[in-house]
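Everything on this sheet refers to the single structure shown next.
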Amino acid sequence: MYTNRKAMNKKVFLPVVLITAIFSQNIKAQEITLDKIYSGYYRGKGIAGIASLNDGENYATIEKDGIAKYNYKTSQKSGNIVDGSYEAYIFSADESKILLQKESQPIYRHSFLGKFDVKDLKSNQVTPLNNGNYIQEPKFSPDGSKVAFIVDNNLFYQDLSSGKINQITTDGKKNSVINGLGDWVYEEEFGHPDYYQWNKAGNAIVFVKFNESAVPEIYIPIYGKSLYPTEMRYKYPKAGENNSTVSAQLYQLNSGKTSQLNLGNFENYYIPQIFQTNGENEIVIATSNRHQNKVDLLNVDTKSGTVSKLFSETDNAWIDTDNLTMEFLDDNSFLWASERDGFRHLYWYDKTGKLKKQVSKGNWEITDYYGYNPKTKEAYIQTTEKGSLNKVVSKLNIDNGKTTLVSYPEGNNSANFSKSFNYFINTNSTAGTPNKYVLKDAAGKEIKELQNNNELLSKLNKDSFVTKEFITIPNAVGDQLNAWIIKPKNFDPNKKYPLFMFQYSGPGSQQVSNSWDGGNGIWFEMLAQKGYVVACVDGRGTGYKGAKFKKVTYKQLGKYEIEDQITAAKWFGNQFYIDKSRIGIFGWSFGGYMTSLAMTKGADVFKMGIAVAPVTNWRYYDSIYTERFLQTPQENADGYDQNSPTTFANLLKGKFLLIHGTADDNVHFQNSMEFSEALIQNKKQFDFMAYPDKNHGIYGGNTRPQLYEKMTNFILENL
């Protein structure tokens with residue numbers, strides 16, 4: 001499932017319905033329609049690829065005609081750093097060179113094959129990497145003289161002055177050995193594909209070697225237009241099965257030799273992350289046990305190859321190994337994020353791994369980390385200080401623990417800071433206002449609004465857009481659950497409306513927030529215009545309300561989550577404006593799993609359900625994600641089987657639509673096949689839609705418009 005490497009939203013699968021298409025000026029106004037959604041009529045604007053330059057006074061962005069340069073103080077464009085059309089870019093540390101991504105071919109969620117050039121900004125010389133052929137995960141050496149990259153599971157580096165390509169490993173082989181690049185499950189569940197790092201001196205690389213030989217292989221038929229289907233085969237460790245055997249390797253450029261690091265005295269089942277430190281010859285690697293409730297932080301001396309432990313992080317349930325935050329300060333002391341006091345806060349360690357102090361405290365969480373200003377001794381963070389519905393940006397003094405708000409106090413706020421921390425671009429949205437981009441100074445004072453989406457909002461308001469209402473709903477044990485609700489524009493309190501519930505509910509996720517919903521939000525507005533009340537509830541197991549609320553689901557994934565959705569549906573059914581005989585539910589991925597449970601365990605409450613790409617038995621899902629929350633099936637069989645909708649297929653009563661892509665590499669089509677067979681053998685009628693050769697996102701061509709038309713019609717006909 002999904003994670004973002006920086007943001008701390010866990011595992012959120014949201015189908016994006018704002019697909020690009022040709023905009024037509026002739027579209028009828030005053031109502032939201034699927035045609036408008038898919039024409040691009042409601043497409044918003046943004047600023048792409050913001051990166052502060054070293055001088056702290058200027059920043060770069062990606063524009064159609066090149067990599068543009070803007071001044072913070074004036075917000076004026078001074079020209080292009082590089083002309084041309086590029087997908088992404090990275091500067092060398094001294095900004096003398098720029099790595100330009102020209103094209104890409106996606107592989108899985110994060111990984112892709114790309115073609116890259118390096119341009120010397122002083123001489124204007126352009127050097128194609130790997131002779132212009134495809135590579136993966138290029139990284140500048142700290143001095144900008146070399147670029148490391150991966151080709152065919154082997155690690156290389158290219159000397160930019162001579163153009164010489166040096167091969168570091170030779171044993172890489174598909175579905176067998178991988179060097180410096182994650183296997184499928186590492187990429188998916190630790191949230192990044194790269195598993196190598198230069199040391200600060202630029203004379204050594206530490207990388208992870210994966211041996212996939214013992215990992216079971218999944219194969220997926222690809223139908224296409226061939227007479228005989230082809231197959232996609234790759235290694236996929238399901239819960240309780242063999243994972244790749246991993247080892248940490250040290251490559252020293254001067255000798256050209258690679259040696260295996262000795263991790264025998266430490267946790268070494270997983271290696272989730274490698275960190276470059278401010279020590280010239282030091283790298284830190286994070287290792288974990290299989291249960292992911294103990295992480296060792298290990299210091300590697302890249303001269304001698306010796307490994308020593310800084311400290312261990314432990315938890316009674318799990319550690320979010322997909323979201324490890326570690327920031328090294330100038331003296332190589334470091335900040336580390338932990339939930340050990342019940343909320344996610346920063347802790348300050350000296351360079352030997354001795355705890356200096358807990359920096360932040362309170363019944364709120366740090367949700368993102370932006371950087372540290374050594375001049376003011378302040379860390380810049382995103383938090384829930386203004387309540388779990390809001391994300392705000394603050395500066396945190398690491399000496400006294402005091403936080404100072406610098407963003408807007410409400411909504412969803414994120415920041416791109418200048419290298420000097422004298423300026424930042426505050427991206428802000430609320431449930432009723434799309435993103436706006438505002439330039440601010442270090443104290444949070446507004447300098448200039450750079451961009452807004454007032455045109456989009458004006459279109460929506462003309463089409464009877466209704467802002468979500470936020471409420472709380474009690475569950476069976478007294479928790480107040482965050483919820484949002486969209487009522488029809490001309491809501492009549494004397495009328496009873498059908499209720500359409502949306503949820504995701506995965507561990508640490510959040511769907512109820514004071515932020516703009518650029519995914520399904522406009523579709524939900526359309527359904528409200530058709531006479532439905534639409535609602536969403538974040539139950540137990542979701543994020544940003546502390547570790548206890550999130551981790552109560554440990555070893556019983558799905559149990560408390562579905563109890564809360566059923567309780568919430570009953571609560572809504574008791575409201576004067578809801579027809580409790582007409583309650584439906586919809587979800588995708590983990591949300592599809594929850595919908596399947598709702599239609600079985602909650603069959604007396606829900607009249608209709610749509611489950612897209614659902615997990616139907618956690619035995620079929622991958623090892624890292626599933627075991628983090630359930631341990632293995634061998635250890636916790638009931639946790640798997642008693643929370644599987646397949647086990648309760650005999651309970652289905654309402655109208656049920658099951659949807660899955662046949663080439664889903666993440667949640668395999670097998671899940672829906674098994675659930676379908678259980679429903680069939682229990683003589684249950686249901687609707688099923690398979691999307692040929694489509695992956696977990698189910699998109700491409702007219703796929704999304706057809707999918708959402710099908711779901712809309714199913715709702716209109718059955719709710």
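Here's how to read the names in the structure tokens: chain A, B, ... by the order shown, residue numbers from 1 in each chain, ligand numbers from 1 in the order shown.
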
(message) Would you pick out the contacts of Asn650 in chain A at 9 Å or less, using only C-alpha atoms, so that residues sharing its chain but fewer than 3 positions from it are not included, and give the list as a ChimeraX atom specification?
(response) /A:600,646-647,653,678-679,681-684

(request) From the DSSP assignment of the backbone, select every residue of range 448-614 of chain A that is strand (DSSP E or B), and format the answer as JSON, numbers by chain. (result) {"A": [448, 449, 450, 451, 469, 470, 471, 472, 473, 474, 480, 481, 482, 483, 484, 485, 486, 497, 498, 499, 500, 501, 502, 533, 534, 535, 536, 537, 538, 578, 579, 580, 581, 582, 583, 584, 585, 586, 587, 588, 608, 609, 610, 611, 612]}

Export of the given selection (N, CA and C atoms) as a short mmCIF file (atom, residue, chain, number, x, y, z; two decimals), in the first residue's frame:
data_model
loop_
_atom_site.label_atom_id
_atom_site.label_comp_id
_atom_site.auth_asym_id
_atom_site.auth_seq_id
_atom_site.Cartn_x
_atom_site.Cartn_y
_atom_site.Cartn_z
N LYS A 448 3.61 37.93 -0.31
CA LYS A 448 2.83 38.00 -1.53
C LYS A 448 2.16 36.66 -1.82
N GLU A 449 0.93 36.73 -2.30
CA GLU A 449 0.27 35.52 -2.79
C GLU A 449 0.80 35.22 -4.18
N LEU A 450 1.39 34.04 -4.35
CA LEU A 450 1.99 33.68 -5.63
C LEU A 450 0.99 33.09 -6.60
N GLN A 451 0.05 32.33 -6.06
CA GLN A 451 -0.94 31.69 -6.93
C GLN A 451 -2.12 31.24 -6.08
N GLU A 469 -19.21 19.78 6.27
CA GLU A 469 -19.35 20.09 7.69
C GLU A 469 -18.55 19.07 8.47
N PHE A 470 -17.89 19.51 9.55
CA PHE A 470 -17.15 18.59 10.41
C PHE A 470 -17.92 18.36 11.69
N ILE A 471 -18.04 17.09 12.05
CA ILE A 471 -18.73 16.71 13.28
C ILE A 471 -17.93 15.61 13.96
N THR A 472 -18.34 15.22 15.16
CA THR A 472 -17.77 14.05 15.81
C THR A 472 -18.90 13.08 16.12
N ILE A 473 -18.56 11.79 16.09
CA ILE A 473 -19.53 10.73 16.32
C ILE A 473 -18.97 9.80 17.39
N PRO A 474 -19.74 9.46 18.41
CA PRO A 474 -19.23 8.56 19.46
C PRO A 474 -19.22 7.11 18.98
N GLN A 480 -14.54 9.92 20.48
CA GLN A 480 -15.21 10.84 19.57
C GLN A 480 -14.50 10.76 18.22
N LEU A 481 -15.19 10.22 17.23
CA LEU A 481 -14.60 9.99 15.92
C LEU A 481 -14.81 11.21 15.03
N ASN A 482 -13.74 11.64 14.36
CA ASN A 482 -13.85 12.74 13.41
C ASN A 482 -14.64 12.30 12.20
N ALA A 483 -15.49 13.18 11.70
CA ALA A 483 -16.30 12.87 10.53
C ALA A 483 -16.57 14.14 9.74
N TRP A 484 -16.76 13.97 8.43
CA TRP A 484 -17.29 15.07 7.61
C TRP A 484 -18.56 14.63 6.94
N ILE A 485 -19.36 15.63 6.57
CA ILE A 485 -20.65 15.34 5.94
C ILE A 485 -20.91 16.40 4.87
N ILE A 486 -21.41 15.97 3.72
CA ILE A 486 -21.84 16.86 2.64
C ILE A 486 -23.34 16.67 2.47
N TYR A 497 -32.94 11.55 3.79
CA TYR A 497 -32.05 11.35 2.65
C TYR A 497 -31.32 10.01 2.74
N PRO A 498 -31.03 9.39 1.59
CA PRO A 498 -30.13 8.23 1.62
C PRO A 498 -28.72 8.70 1.97
N LEU A 499 -27.95 7.83 2.63
CA LEU A 499 -26.59 8.15 3.08
C LEU A 499 -25.59 7.31 2.30
N PHE A 500 -24.58 7.98 1.74
CA PHE A 500 -23.48 7.29 1.05
C PHE A 500 -22.20 7.56 1.83
N MET A 501 -21.63 6.51 2.42
CA MET A 501 -20.43 6.65 3.25
C MET A 501 -19.18 6.25 2.46
N PHE A 502 -18.15 7.06 2.60
CA PHE A 502 -16.83 6.76 2.05
C PHE A 502 -15.87 6.59 3.21
N VAL A 533 -26.87 12.33 1.00
CA VAL A 533 -25.96 12.85 2.01
C VAL A 533 -24.71 11.97 1.95
N VAL A 534 -23.55 12.61 1.80
CA VAL A 534 -22.29 11.87 1.71
C VAL A 534 -21.50 12.14 2.98
N ALA A 535 -20.90 11.10 3.54
CA ALA A 535 -20.19 11.25 4.82
C ALA A 535 -18.97 10.35 4.87
N CYS A 536 -18.05 10.72 5.73
CA CYS A 536 -16.83 9.94 5.94
C CYS A 536 -16.47 10.01 7.41
N VAL A 537 -16.07 8.87 7.98
CA VAL A 537 -15.73 8.78 9.40
C VAL A 537 -14.37 8.11 9.55
N ASP A 538 -13.48 8.73 10.31
CA ASP A 538 -12.19 8.12 10.65
C ASP A 538 -12.32 7.43 11.99
N ILE A 578 -31.78 11.27 7.94
CA ILE A 578 -31.24 10.09 7.24
C ILE A 578 -32.28 8.97 7.20
N ASP A 579 -32.45 8.38 6.02
CA ASP A 579 -33.27 7.18 5.86
C ASP A 579 -32.39 5.97 6.16
N LYS A 580 -32.54 5.39 7.33
CA LYS A 580 -31.64 4.32 7.76
C LYS A 580 -31.79 3.04 6.95
N SER A 581 -32.81 2.97 6.12
CA SER A 581 -32.96 1.80 5.26
C SER A 581 -32.20 1.97 3.95
N ARG A 582 -31.56 3.14 3.79
CA ARG A 582 -30.84 3.43 2.54
C ARG A 582 -29.45 3.98 2.87
N ILE A 583 -28.60 3.11 3.41
CA ILE A 583 -27.22 3.47 3.73
C ILE A 583 -26.28 2.64 2.87
N GLY A 584 -25.39 3.33 2.14
CA GLY A 584 -24.41 2.65 1.30
C GLY A 584 -23.00 2.99 1.73
N ILE A 585 -22.02 2.25 1.22
CA ILE A 585 -20.63 2.46 1.61
C ILE A 585 -19.72 2.15 0.42
N PHE A 586 -18.60 2.88 0.34
CA PHE A 586 -17.66 2.74 -0.78
C PHE A 586 -16.24 2.90 -0.27
N GLY A 587 -15.31 2.10 -0.85
CA GLY A 587 -13.90 2.25 -0.51
C GLY A 587 -13.02 1.53 -1.53
N TRP A 588 -11.75 1.93 -1.52
CA TRP A 588 -10.75 1.42 -2.49
C TRP A 588 -9.58 0.86 -1.71
N MET A 608 -26.16 -1.15 0.40
CA MET A 608 -25.38 -1.19 -0.84
C MET A 608 -23.92 -0.94 -0.54
N GLY A 609 -23.03 -1.57 -1.32
CA GLY A 609 -21.61 -1.32 -1.14
C GLY A 609 -20.85 -1.48 -2.44
N ILE A 610 -19.79 -0.67 -2.60
CA ILE A 610 -18.88 -0.79 -3.75
C ILE A 610 -17.47 -0.97 -3.20
N ALA A 611 -16.87 -2.11 -3.49
CA ALA A 611 -15.50 -2.40 -3.05
C ALA A 611 -14.59 -2.45 -4.26
N VAL A 612 -13.60 -1.55 -4.30
CA VAL A 612 -12.66 -1.51 -5.41
C VAL A 612 -11.31 -2.03 -4.94
#

(message) Give me, as a list in words, all polymer residues having an atom no more than 7 Å from range 488-495 of chain A, counting only C-alpha atoms and skipping those fewer than 6 positions away in the same chain.
(response)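 Non-adjacent residues within range: Ser464, Val466, Ala528, Gln529, Gly531, Tyr532, Val533 and Tyr577 of chain A.
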
What does the file look like for those residues with N, CA, C and O atoms, as a PDB file, in the first residue's frame?
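Result went into again-v4.pdb, see below:
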ATOM      1  N   SER A 464     -22.959  24.977  -7.632  1.00  0.00           N
ATOM      2  CA  SER A 464     -23.621  24.610  -6.361  1.00  0.00           C
ATOM      3  C   SER A 464     -22.756  23.764  -5.445  1.00  0.00           C
ATOM      4  O   SER A 464     -23.227  22.844  -4.774  1.00  0.00           O
ATOM      5  N   VAL A 466     -20.904  22.614  -2.201  1.00  0.00           N
ATOM      6  CA  VAL A 466     -21.255  22.713  -0.785  1.00  0.00           C
ATOM      7  C   VAL A 466     -20.033  22.339   0.050  1.00  0.00           C
ATOM      8  O   VAL A 466     -19.442  21.276  -0.161  1.00  0.00           O
ATOM      9  N   ALA A 528     -24.104  14.413  -3.948  1.00  0.00           N
ATOM     10  CA  ALA A 528     -24.955  15.215  -3.064  1.00  0.00           C
ATOM     11  C   ALA A 528     -25.998  15.970  -3.884  1.00  0.00           C
ATOM     12  O   ALA A 528     -27.157  16.109  -3.464  1.00  0.00           O
ATOM     13  N   GLN A 529     -25.604  16.453  -5.059  1.00  0.00           N
ATOM     14  CA  GLN A 529     -26.555  17.151  -5.914  1.00  0.00           C
ATOM     15  C   GLN A 529     -27.642  16.219  -6.435  1.00  0.00           C
ATOM     16  O   GLN A 529     -28.718  16.663  -6.826  1.00  0.00           O
ATOM     17  N   GLY A 531     -29.061  14.093  -4.555  1.00  0.00           N
ATOM     18  CA  GLY A 531     -29.974  13.806  -3.457  1.00  0.00           C
ATOM     19  C   GLY A 531     -29.438  12.928  -2.351  1.00  0.00           C
ATOM     20  O   GLY A 531     -30.214  12.463  -1.511  1.00  0.00           O
ATOM     21  N   TYR A 532     -28.122  12.715  -2.314  1.00  0.00           N
ATOM     22  CA  TYR A 532     -27.529  11.893  -1.263  1.00  0.00           C
ATOM     23  C   TYR A 532     -26.823  12.763  -0.225  1.00  0.00           C
ATOM     24  O   TYR A 532     -26.235  13.798  -0.569  1.00  0.00           O
ATOM     25  N   VAL A 533     -26.871  12.330   1.004  1.00  0.00           N
ATOM     26  CA  VAL A 533     -25.956  12.848   2.015  1.00  0.00           C
ATOM     27  C   VAL A 533     -24.710  11.974   1.945  1.00  0.00           C
ATOM     28  O   VAL A 533     -24.808  10.739   1.978  1.00  0.00           O
ATOM     29  N   TYR A 577     -32.618  13.318   9.568  1.00  0.00           N
ATOM     30  CA  TYR A 577     -32.574  13.589   8.134  1.00  0.00           C
ATOM     31  C   TYR A 577     -32.053  12.407   7.310  1.00  0.00           C
ATOM     32  O   TYR A 577     -31.890  12.521   6.093  1.00  0.00           O
TER      33      TYR A 577
END

(request) Show which residues sit within 12 Å of Thr127 in chain A, as a PyMOL selection string. Count only C-alpha atoms, and ignore same-chain residues fewer than 3 positions away. (result) chain A and resi 97-100+115-121+123-124+130-132+145-147+158-165

Expected file contents, prior selection, C-alpha atoms, as a compact mmCIF listing (two decimals), in the first residue's frame:
# COMPACT_ATOMS: atom_id res chain seq x y z
CA LYS A 97 25.68 21.04 -12.08
CA ILE A 98 22.10 19.98 -12.56
CA LEU A 99 20.73 16.48 -13.15
CA LEU A 100 17.87 16.62 -15.66
CA LYS A 115 16.93 8.98 -19.23
CA PHE A 116 19.06 11.69 -17.63
CA ASP A 117 21.55 14.36 -18.60
CA VAL A 118 23.93 16.27 -16.35
CA LYS A 119 24.52 19.87 -17.36
CA ASP A 120 27.53 21.82 -16.09
CA LEU A 121 26.07 25.26 -15.39
CA SER A 123 30.69 25.41 -18.97
CA ASN A 124 27.23 24.46 -20.34
CA ASN A 130 24.96 5.79 -19.12
CA ASN A 131 25.45 6.93 -22.72
CA GLY A 132 21.86 8.11 -22.86
CA SER A 145 32.06 15.08 -9.65
CA LYS A 146 30.27 11.73 -10.04
CA VAL A 147 26.80 10.28 -10.32
CA GLN A 158 30.01 7.72 -13.77
CA ASP A 159 32.90 10.18 -13.56
CA LEU A 160 31.54 13.39 -15.05
CA SER A 161 34.88 14.86 -16.10
CA SER A 162 36.05 11.84 -18.07
CA GLY A 163 32.67 10.25 -18.77
CA LYS A 164 34.03 6.90 -17.59
CA ILE A 165 31.43 4.48 -16.22

(message) Nearest residue to Ser244 in chain A out of A:Ile168, A:Ile624, A:Trp336, A:Gly49, using only C-alpha atoms?
(response)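 Nearest candidate to Ser244 in chain A out of A:Ile168, A:Ile624, A:Trp336, A:Gly49: A:Ile624.
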
Do you have, as a Markdown table, the list of residues of range 546-657 of chain A lying at most 9 Å from range 686-692 of chain A, each with its nearest atom pair and that distance in Å to one decimal, counting only C-alpha atoms and ordered by chain then number?
| residue | atom | partner | partner_atom | distance |
| --- | --- | --- | --- | --- |
| A:Gly654 | CA | A:Phe686 | CA | 8.6 |
| A:Lys655 | CA | A:Phe686 | CA | 6.5 |
| A:Phe656 | CA | A:Phe686 | CA | 5.2 |
| A:Leu657 | CA | A:Asp687 | CA | 4.6 |

Go ahead and save the residues from that selection, with N, CA and C atoms, as a tab-separated table (two decimals), in the first residue's frame.
chain	number	residue	atom	x	y	z
A	654	GLY	N	-27.12	-7.14	0.97
A	654	GLY	CA	-27.44	-6.01	0.12
A	654	GLY	C	-26.87	-6.12	-1.27
A	655	LYS	N	-27.00	-5.02	-2.01
A	655	LYS	CA	-26.48	-4.93	-3.37
A	655	LYS	C	-24.99	-4.62	-3.30
A	656	PHE	N	-24.19	-5.49	-3.93
A	656	PHE	CA	-22.74	-5.40	-3.78
A	656	PHE	C	-22.07	-5.39	-5.14
A	657	LEU	N	-21.22	-4.40	-5.37
A	657	LEU	CA	-20.43	-4.31	-6.60
A	657	LEU	C	-18.96	-4.47	-6.25

(message) DSSP on the backbone: which residues in range 262-510 of chain A end up as helix (DSSP H, G or I)? Give the answer as a list of chain:residue names.
(response)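 Of range 262-510 of chain A, the ones in helix (DSSP H, G or I) are A:Asn454, A:Glu455, A:Leu456, A:Leu457, A:Ser458, A:Lys459, A:Leu460, A:Asn461, A:Lys462.
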
Can I get the selected residues back with all heavy atoms, as a PDB file, in the first residue's frame?
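Final file, selection-v4.pdb:
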ATOM      1  N   ASN A 454      -8.792  30.544  -7.259  1.00  0.00           N
ATOM      2  CA  ASN A 454     -10.088  31.221  -7.182  1.00  0.00           C
ATOM      3  C   ASN A 454     -10.957  30.935  -8.403  1.00  0.00           C
ATOM      4  O   ASN A 454     -12.188  30.870  -8.301  1.00  0.00           O
ATOM      5  CB  ASN A 454      -9.881  32.732  -7.037  1.00  0.00           C
ATOM      6  CG  ASN A 454      -9.263  33.091  -5.693  1.00  0.00           C
ATOM      7  OD1 ASN A 454      -9.289  32.289  -4.758  1.00  0.00           O
ATOM      8  ND2 ASN A 454      -8.718  34.285  -5.592  1.00  0.00           N
ATOM      9  N   GLU A 455     -10.323  30.758  -9.551  1.00  0.00           N
ATOM     10  CA  GLU A 455     -11.093  30.447 -10.763  1.00  0.00           C
ATOM     11  C   GLU A 455     -11.790  29.096 -10.629  1.00  0.00           C
ATOM     12  O   GLU A 455     -12.963  28.943 -10.990  1.00  0.00           O
ATOM     13  CB  GLU A 455     -10.168  30.447 -11.975  1.00  0.00           C
ATOM     14  CG  GLU A 455     -10.880  30.193 -13.297  1.00  0.00           C
ATOM     15  CD  GLU A 455      -9.929  30.179 -14.487  1.00  0.00           C
ATOM     16  OE1 GLU A 455      -8.743  30.547 -14.314  1.00  0.00           O
ATOM     17  OE2 GLU A 455     -10.366  29.790 -15.581  1.00  0.00           O
ATOM     18  N   LEU A 456     -11.068  28.108 -10.099  1.00  0.00           N
ATOM     19  CA  LEU A 456     -11.663  26.792  -9.856  1.00  0.00           C
ATOM     20  C   LEU A 456     -12.809  26.905  -8.864  1.00  0.00           C
ATOM     21  O   LEU A 456     -13.894  26.347  -9.072  1.00  0.00           O
ATOM     22  CB  LEU A 456     -10.600  25.817  -9.333  1.00  0.00           C
ATOM     23  CG  LEU A 456     -11.098  24.498  -8.749  1.00  0.00           C
ATOM     24  CD1 LEU A 456     -11.865  23.683  -9.786  1.00  0.00           C
ATOM     25  CD2 LEU A 456      -9.925  23.682  -8.189  1.00  0.00           C
ATOM     26  N   LEU A 457     -12.587  27.639  -7.779  1.00  0.00           N
ATOM     27  CA  LEU A 457     -13.619  27.779  -6.751  1.00  0.00           C
ATOM     28  C   LEU A 457     -14.846  28.493  -7.311  1.00  0.00           C
ATOM     29  O   LEU A 457     -15.983  28.137  -6.983  1.00  0.00           O
ATOM     30  CB  LEU A 457     -13.059  28.535  -5.546  1.00  0.00           C
ATOM     31  CG  LEU A 457     -13.950  28.566  -4.302  1.00  0.00           C
ATOM     32  CD1 LEU A 457     -14.255  27.153  -3.821  1.00  0.00           C
ATOM     33  CD2 LEU A 457     -13.285  29.371  -3.196  1.00  0.00           C
ATOM     34  N   SER A 458     -14.620  29.482  -8.167  1.00  0.00           N
ATOM     35  CA  SER A 458     -15.737  30.200  -8.789  1.00  0.00           C
ATOM     36  C   SER A 458     -16.575  29.258  -9.644  1.00  0.00           C
ATOM     37  O   SER A 458     -17.816  29.301  -9.612  1.00  0.00           O
ATOM     38  CB  SER A 458     -15.195  31.353  -9.633  1.00  0.00           C
ATOM     39  OG  SER A 458     -16.247  32.019 -10.301  1.00  0.00           O
ATOM     40  N   LYS A 459     -15.928  28.409 -10.413  1.00  0.00           N
ATOM     41  CA  LYS A 459     -16.658  27.426 -11.222  1.00  0.00           C
ATOM     42  C   LYS A 459     -17.495  26.509 -10.339  1.00  0.00           C
ATOM     43  O   LYS A 459     -18.666  26.211 -10.641  1.00  0.00           O
ATOM     44  CB  LYS A 459     -15.679  26.595 -12.047  1.00  0.00           C
ATOM     45  CG  LYS A 459     -14.988  27.349 -13.167  1.00  0.00           C
ATOM     46  CD  LYS A 459     -14.011  26.412 -13.880  1.00  0.00           C
ATOM     47  CE  LYS A 459     -13.283  27.120 -15.019  1.00  0.00           C
ATOM     48  NZ  LYS A 459     -12.307  26.234 -15.695  1.00  0.00           N
ATOM     49  N   LEU A 460     -16.880  26.034  -9.252  1.00  0.00           N
ATOM     50  CA  LEU A 460     -17.586  25.114  -8.365  1.00  0.00           C
ATOM     51  C   LEU A 460     -18.761  25.798  -7.676  1.00  0.00           C
ATOM     52  O   LEU A 460     -19.836  25.214  -7.528  1.00  0.00           O
ATOM     53  CB  LEU A 460     -16.615  24.545  -7.331  1.00  0.00           C
ATOM     54  CG  LEU A 460     -15.636  23.504  -7.871  1.00  0.00           C
ATOM     55  CD1 LEU A 460     -14.511  23.258  -6.883  1.00  0.00           C
ATOM     56  CD2 LEU A 460     -16.363  22.195  -8.163  1.00  0.00           C
ATOM     57  N   ASN A 461     -18.559  27.047  -7.250  1.00  0.00           N
ATOM     58  CA  ASN A 461     -19.649  27.768  -6.595  1.00  0.00           C
ATOM     59  C   ASN A 461     -20.819  27.979  -7.549  1.00  0.00           C
ATOM     60  O   ASN A 461     -21.989  27.889  -7.151  1.00  0.00           O
ATOM     61  CB  ASN A 461     -19.147  29.106  -6.054  1.00  0.00           C
ATOM     62  CG  ASN A 461     -18.291  28.937  -4.808  1.00  0.00           C
ATOM     63  OD1 ASN A 461     -18.433  27.963  -4.070  1.00  0.00           O
ATOM     64  ND2 ASN A 461     -17.388  29.868  -4.571  1.00  0.00           N
ATOM     65  N   LYS A 462     -20.518  28.255  -8.827  1.00  0.00           N
ATOM     66  CA  LYS A 462     -21.580  28.381  -9.824  1.00  0.00           C
ATOM     67  C   LYS A 462     -22.313  27.065  -9.999  1.00  0.00           C
ATOM     68  O   LYS A 462     -23.500  27.038 -10.352  1.00  0.00           O
ATOM     69  CB  LYS A 462     -20.993  28.838 -11.153  1.00  0.00           C
ATOM     70  CG  LYS A 462     -20.566  30.301 -11.170  1.00  0.00           C
ATOM     71  CD  LYS A 462     -19.977  30.672 -12.521  1.00  0.00           C
ATOM     72  CE  LYS A 462     -19.510  32.122 -12.528  1.00  0.00           C
ATOM     73  NZ  LYS A 462     -18.882  32.491 -13.829  1.00  0.00           N
TER      74      LYS A 462
END
